[in-house]
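S.K.: The structure's right below; bear with me while I get my questions together.
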Amino acid sequence: MNYPQAVQADTGPATGFPVETYRQDFPILEQTVRDMPLVYLDNAATAQKPRQVIEVLDDYYRSYNSNIHRGVHTLSELATDAYETARKKIQRFINAESLQEVIFVRGTTEGINLVAQSYGRSRLGAGDEIIVSTMEHHSNIVPWQLLCEQTGAVLKVIPINDAGELDMDEYKNLLNERTRIVAIVHISNALGTINPIAEITGQAHAAGAVVVIDGAQAAPHTKLDMAALDCDFYTFSGHKLFGPTGIGVLYGKQALLEDMPPYHGGGDMIKMVTFEKTLYNDLPYKFEAGTPYIAGVIGLGAAVDYVSDVDLDRIHDYEHGLLRYAAEAAATVPGLRLIGTAADKASILSFVVDGIHPHDLGTILDHDGIAIRTGHHCAMPVMERFGIPATARASFAFYNTTEEVDKLVAGIDKAKNIFK
Amino acid sequence: MFDLKDLYQEVIVDHNRSPRNFGELGPPGRKLEGFNPLCGDRLTLYLDQDGDRIADIKFNGSGCAISIASASLMTEGVKGKSVREAETVFAGFHELLTCADLDIDMTRMGKLAVLAGVRDYPSRVKCATLCWHTLHALLAGDEAPVSTE
C-alpha cells in the first residue's frame with residue numbers, strides 16, 4: 001500500500017523515535033496469536049507492561065513481600081519505603097504540590113466514586129447541579145447519578161458536536177450559581193477528543209464549582225501537570241499507563257481533601273479507635289483504608305519511571321504522527337467513517353464500516369492476530385449521539401508502528417471482501 | 001488451522017444481507033425483545049401460534065452478521081414446526097455451539113450447521129444464540145425482555 005511520502009516521513013524511524021528498541025521492553029509483543037504476530041491495538045482498554053514493571057512486581061513478591069506501615073521488621077520497612085517512594089514518583093509525575101495530595105485507589109472508577117461519595121455527598125443538596133458531558137465514560141456518569149439520587153442534585157450534560165468536541169458555548173450556558181461539580185473526561189476513550197481542561201476549570205472556578213477530571217486515557221499520552229491544569233480532583237488508572245491493573249491514583253487539592261469525610265473505614269485510615277470516638281488519620285492515609293495493593297503501587301512507580309524515561313513529550317509526538325498516518329490510511333478505505341474527528345485528538349481511531357458490524361470486523365481482525373476493541377466502549381451516550389450501536393476502535397501506544405497500521409487496513413479490506 | 005471462511009460462510013453472509021422472515025407480525029401474534037448488552041445486538045421476535053404449531057414467525061432488529069443470520073436461519077428452521085420440535089432443534093443447536101465434541105451429527109442440524117464455526121469463537125456464541133433464547137422465552141410465555149448477560 002502506498003501513502004503520501006509526507007505522511008510516512010512524519011512517523012516511525014524518521015522522527016528518530018526508536019520504536020523497535022522500545023518494543024523489546026514488552027515481552028508480550030513477541031508472541032503470535034492465531035499463528036500471526038500479535039498486533040495489539042487495544043491500548044485504550046489496557047496497555048501492555050514493560051519488563052521493567054514486571055520485574056519490579058516479581059521482585060517484591062520474591063524478596064520483600066510484607067505489610068506496610070507500623071512494621072518494625074526489616075521487610076516491612078523495605079516494603080513501606082518502596083510504597084512511599086512510589087508516591088513521591090507519582091507526585092513528581094503529575095506535578096502535585098504535596099505528597100498528601102496523592103491517594104492510591106483501585107483505579108479511575110474508584111477515584112471518581114470517592115469524590116462523589118466523600119466530597120459530593122457531604123456537600124451537595126437538593127437542586128444543586130453537577131455538569132458532565134455527552135462523551136463521558138459510564139464511570140464518570142453513574143457515580144454522579146447515584147449522588148443525585150442520594151442528594152436530590154441534578155445532572156446537566158454538555159453536548160458535543162459532530163466532530164466529537166465539547167460545545168463550550170453550551171458549557172458556559174450551563175454554568176450557574178447552583179453548579180457545584182463539573183466532572184469531565186480529559187481524553188475521550190470512545191472518540192479520542194482532548195478536552196481543554198485548563199479552560200474548563202477556569203470557567204467552573206469562576207462559577208464557584210469544583211472540577212473533577214477523569215484522566216484514564218490522558219495519563220499514557222500527555223504530560224500531566226496539576227499545577228497548570230488547576231483542577232480540584234484528577235484521577236487515573238495504572239494499567240493504562242503500562243502499570244498493573246487494580247491500582248490507580250486520585251489527586252485532590254489538599255485543602256479540599258482535609259475537609260472531606262473518609263470514604264472507607266478500616267485499618268490504616270485511623271489514628272486511634274475507641275467505641276466512643278475514632279480519630280481519623282492524616283492525609284493521604286485517611287483515604288487508604290485496609291491493606292493496599294502494595295505490589296501494584298510499587299509497580300505503578302516503576303511504570304511512571306519507565307514512561308518518564310521514554311519521555312511523554314516524545315511519546316506524544318510519535319503517537320500524533322501515528323494517528324495522522326492511521327487517519328490518512330483509513331480515509332483511503334471506501335465506506336469507512338471515523339467517529340471522532342476533533343481538531344485536538346489522541347491516538348484513538350474509532351470507526352464504522354458500511355455493511356460490516358464492528359463485532360464481525362473484530363473477529364476477522366483477530367483472525368490475523370490484530371486486537372482491537374468493538375462495542376460501545378462504556379460510552380453508550382456517545383453511540384446514541386452518533387446514531388450507531390457500536391464502533392470498532394484501534395487505539396495506539398508508543399510501541400505501535402506504521403506497519404501495524406498497514407496490517408489493520410489490510411484486515412479491514414479482507415473483511416470488506418468477505419461481506420462484499 | 002481454522003479458516004475464517006468456515007465462520008463467515010456464504011450462507012451466513014447471504015442471510016445477513018437478505019434476512020428471511022424479516023419484519024413484524026401484528027396481533028394476535030405475540031412478540032418479545034432479546035438484547036445482548038455486551039454487543040448491543042437487539043432483536044424483536046414475532047410469533048403466531050396455532051395451538052402447538054408455530055404458524056408464522058418473523059423478526060427485526062440490528063446486530064452483527066452472526067446474530068442476524070442465525071435469527072434468519074432460525075425462523076426458516078422452526079416455521080411450521082411444533083413447539084416441542086423447535087425446542088429439540090434449539091437443544092441440538094446449543095450443543096453444536098458449546099460442546100467440544102466434534103462428532104455431533106451435522107446432518108440432523110440441516111442448514112443450521114453453517115453456524116458451527118462460531119464454536120471456535122466463544123465470545124461470539126451469544127450472538128448466535130440470542131434469537132434462540134428469545135424464542136425459548138416467547139414459547140414459555142415470558143414477557144420480560146431476554147438478556148444474554
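In the C-alpha cells, the first chain shown is A, the next is B, and so on; residue numbers restart at 1 for each chain, and ligands run from 1 in the order shown.
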List the neighbours of Pro27 (chain B) out to 12 Å using only C-alpha atoms; skip same-chain residues closer than 5 positions along the sequence, and give me the result as a VMD selection string.

M.R.: chain B and resid 46 to 49

S.K.: For chain B, work out the contacting residues on chain A at 10 Å, counting only C-alpha atoms, and write them as a list in words.

M.R.: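 Output check: Arg34, Asp35, Gly355, Ile356, His357, Pro358, His359, Asp360, Leu361, Thr363, Ile364, His367, Asp368, Thr374, Gly375, His376, His377, Cys378, Met380, Ile388, Pro389, Ala390, Ala415, Ile418, Phe419 and Lys420 of chain A.
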
S.K.: Generate a file of the selected residues that holds N, CA, C and O atoms, formatted as a short mmCIF file (atom, residue, chain, number, x, y, z; two decimals), in the first residue's frame.

M.R.:
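Output file part19.cif follows:
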```cif
data_model
loop_
_atom_site.label_atom_id
_atom_site.label_comp_id
_atom_site.auth_asym_id
_atom_site.auth_seq_id
_atom_site.Cartn_x
_atom_site.Cartn_y
_atom_site.Cartn_z
N ARG A 34 -3.18 -16.77 16.89
CA ARG A 34 -3.72 -17.48 15.73
C ARG A 34 -2.67 -17.57 14.61
O ARG A 34 -2.93 -17.27 13.45
N ASP A 35 -1.45 -17.88 15.03
CA ASP A 35 -0.31 -18.08 14.13
C ASP A 35 0.16 -16.80 13.43
O ASP A 35 0.93 -16.87 12.47
N GLY A 355 -21.86 -1.75 6.05
CA GLY A 355 -22.19 -3.14 5.76
C GLY A 355 -21.45 -4.15 6.62
O GLY A 355 -21.63 -5.36 6.44
N ILE A 356 -20.58 -3.70 7.51
CA ILE A 356 -19.87 -4.64 8.39
C ILE A 356 -20.09 -4.21 9.84
O ILE A 356 -19.72 -3.10 10.23
N HIS A 357 -20.68 -5.10 10.60
CA HIS A 357 -20.87 -4.80 12.02
C HIS A 357 -19.51 -4.85 12.72
O HIS A 357 -18.69 -5.71 12.42
N PRO A 358 -19.26 -3.91 13.64
CA PRO A 358 -17.95 -3.88 14.31
C PRO A 358 -17.54 -5.23 14.92
O PRO A 358 -16.35 -5.57 14.91
N HIS A 359 -18.50 -6.01 15.42
CA HIS A 359 -18.12 -7.28 16.03
C HIS A 359 -17.60 -8.28 15.01
O HIS A 359 -16.70 -9.07 15.30
N ASP A 360 -18.19 -8.25 13.82
CA ASP A 360 -17.68 -9.13 12.76
C ASP A 360 -16.28 -8.69 12.34
O ASP A 360 -15.39 -9.52 12.15
N LEU A 361 -16.10 -7.38 12.26
CA LEU A 361 -14.78 -6.86 11.90
C LEU A 361 -13.75 -7.27 12.97
O LEU A 361 -12.64 -7.70 12.64
N THR A 363 -13.76 -9.86 14.93
CA THR A 363 -13.44 -11.29 14.82
C THR A 363 -12.52 -11.55 13.63
O THR A 363 -11.56 -12.33 13.73
N ILE A 364 -12.80 -10.88 12.52
CA ILE A 364 -11.99 -11.09 11.31
C ILE A 364 -10.56 -10.58 11.54
O ILE A 364 -9.58 -11.24 11.15
N HIS A 367 -8.52 -12.85 13.69
CA HIS A 367 -8.02 -13.99 12.94
C HIS A 367 -6.63 -13.73 12.36
O HIS A 367 -5.87 -14.66 12.10
N ASP A 368 -6.31 -12.46 12.16
CA ASP A 368 -4.98 -12.08 11.67
C ASP A 368 -4.08 -11.60 12.81
O ASP A 368 -3.07 -10.94 12.59
N THR A 374 -14.31 -3.63 20.04
CA THR A 374 -15.54 -3.32 19.33
C THR A 374 -16.66 -3.24 20.35
O THR A 374 -16.66 -3.97 21.33
N GLY A 375 -17.59 -2.34 20.12
CA GLY A 375 -18.71 -2.22 21.04
C GLY A 375 -19.00 -0.77 21.36
O GLY A 375 -18.64 0.12 20.58
N HIS A 376 -19.61 -0.53 22.51
CA HIS A 376 -20.00 0.84 22.85
C HIS A 376 -18.94 1.51 23.73
O HIS A 376 -19.06 2.69 24.06
N HIS A 377 -17.87 0.77 24.10
CA HIS A 377 -16.74 1.33 24.85
C HIS A 377 -17.19 1.99 26.16
O HIS A 377 -16.60 2.99 26.59
N CYS A 378 -18.22 1.44 26.78
CA CYS A 378 -18.75 2.01 28.04
C CYS A 378 -19.08 3.48 27.89
O CYS A 378 -18.89 4.27 28.82
N MET A 380 -22.22 4.61 26.11
CA MET A 380 -23.44 4.46 25.32
C MET A 380 -24.04 5.81 24.86
O MET A 380 -24.55 5.89 23.75
N ILE A 388 -25.35 5.17 16.28
CA ILE A 388 -24.76 3.87 15.93
C ILE A 388 -24.78 2.98 17.17
O ILE A 388 -24.75 3.48 18.29
N PRO A 389 -24.86 1.65 16.98
CA PRO A 389 -24.87 0.79 18.16
C PRO A 389 -23.47 0.55 18.73
O PRO A 389 -23.30 0.26 19.90
N ALA A 390 -22.47 0.67 17.89
CA ALA A 390 -21.12 0.29 18.30
C ALA A 390 -20.12 0.87 17.30
O ALA A 390 -20.49 1.28 16.21
N ALA A 415 -12.09 -7.98 5.46
CA ALA A 415 -13.47 -8.05 5.95
C ALA A 415 -14.44 -7.56 4.88
O ALA A 415 -15.51 -8.13 4.66
N ILE A 418 -15.08 -10.27 2.42
CA ILE A 418 -15.99 -11.31 2.91
C ILE A 418 -17.44 -10.85 2.81
O ILE A 418 -18.32 -11.60 2.44
N PHE A 419 -17.66 -9.57 3.10
CA PHE A 419 -19.04 -9.07 3.14
C PHE A 419 -19.46 -8.33 1.87
O PHE A 419 -20.48 -7.66 1.85
N LYS A 420 -18.65 -8.43 0.82
CA LYS A 420 -18.96 -7.63 -0.38
C LYS A 420 -20.24 -8.13 -1.08
O LYS A 420 -20.62 -9.26 -0.89
#
```

S.K.: Using only C-alpha atoms, which of the listed residues (A:Gly296, A:Ser139, A:Ala302, A:Ile348) sits closest to Asn65 (chain A)?

M.R.: A:Gly296

S.K.: List as a short mmCIF file (atom, residue, chain, number, x, y, z; two decimals) with N, CA and C atoms, in the first residue's frame the protein and nucleic acid residues near region 130-133 of chain A, meaning an atom at most 6 Å away when only C-alpha atoms are counted, but skip any in the same chain fewer than 6 places from it.

M.R.:
```cif
data_model
loop_
_atom_site.label_atom_id
_atom_site.label_comp_id
_atom_site.auth_asym_id
_atom_site.auth_seq_id
_atom_site.Cartn_x
_atom_site.Cartn_y
_atom_site.Cartn_z
N LEU A 155 -28.33 16.40 37.36
CA LEU A 155 -27.24 16.20 36.40
C LEU A 155 -27.51 17.00 35.13
N LYS A 156 -26.51 17.79 34.69
CA LYS A 156 -26.62 18.54 33.43
C LYS A 156 -25.55 18.03 32.48
N VAL A 157 -25.85 18.05 31.19
CA VAL A 157 -24.95 17.41 30.23
C VAL A 157 -24.53 18.39 29.13
N ILE A 158 -23.21 18.56 28.97
CA ILE A 158 -22.68 19.40 27.88
C ILE A 158 -22.76 18.58 26.58
N THR A 179 -24.32 25.37 40.18
CA THR A 179 -23.34 24.36 39.75
C THR A 179 -22.33 24.12 40.88
N ARG A 180 -22.23 22.87 41.33
CA ARG A 180 -21.31 22.56 42.42
C ARG A 180 -20.11 21.75 41.95
N ILE A 181 -20.37 20.88 40.95
CA ILE A 181 -19.30 20.00 40.46
C ILE A 181 -19.33 19.97 38.94
N VAL A 182 -18.14 20.04 38.32
CA VAL A 182 -18.01 19.82 36.88
C VAL A 182 -17.09 18.61 36.73
N ALA A 183 -17.63 17.53 36.17
CA ALA A 183 -16.86 16.28 36.04
C ALA A 183 -16.69 15.96 34.55
N ILE A 184 -15.45 16.06 34.07
CA ILE A 184 -15.20 15.96 32.63
C ILE A 184 -14.01 15.03 32.36
#
```

S.K.: Looking only at strand (DSSP E) from DSSP on the backbone, list the matching residues of region 4-44 of chain B as a list in words.

M.R.: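 Strand (DSSP E) members of region 4-44 of chain B, listed: Arg30, Lys31, Leu32, Glu33, Gly34, Phe35, Asn36, Asp41, Arg42, Leu43 and Thr44 of chain B.
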
S.K.: Measuring between only C-alpha atoms, which one of B:Leu43, B:Trp132, B:Asp120, B:Ser72 shows the shortest distance to Gly92 (chain B)?

M.R.: B:Trp132

S.K.: Would you pick out the contacts of Leu312 (chain A) at 9 Å or less, using only C-alpha atoms, so that residues sharing its chain but fewer than 5 positions from it are not included, and give the list as a ChimeraX atom specification?

M.R.: /A:220-223,307,317

S.K.: Which residues in region 13-139 of chain B does DSSP call alpha helix (DSSP H)? List them as a PyMOL selection string.

M.R.: chain B and resi 13-17+65-78+83-98+125-139

S.K.: Find the residue from B:Asp142, B:Asp6, B:Asp56, B:Glu33 that sits nearest to Gly80 (chain B); use only C-alpha atoms when measuring.

M.R.: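 Selected residue with least distance to Gly80 (chain B): B:Asp56.
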
S.K.: At a cut-off of 10 Å, using only C-alpha atoms, what residues contact His94 (chain B)? Leave out same-chain residues fewer than 2 positions from it and give the result as number ranges by chain.

M.R.: B: 88-92, 96-99, 116, 119, 125, 128-129, 132-133
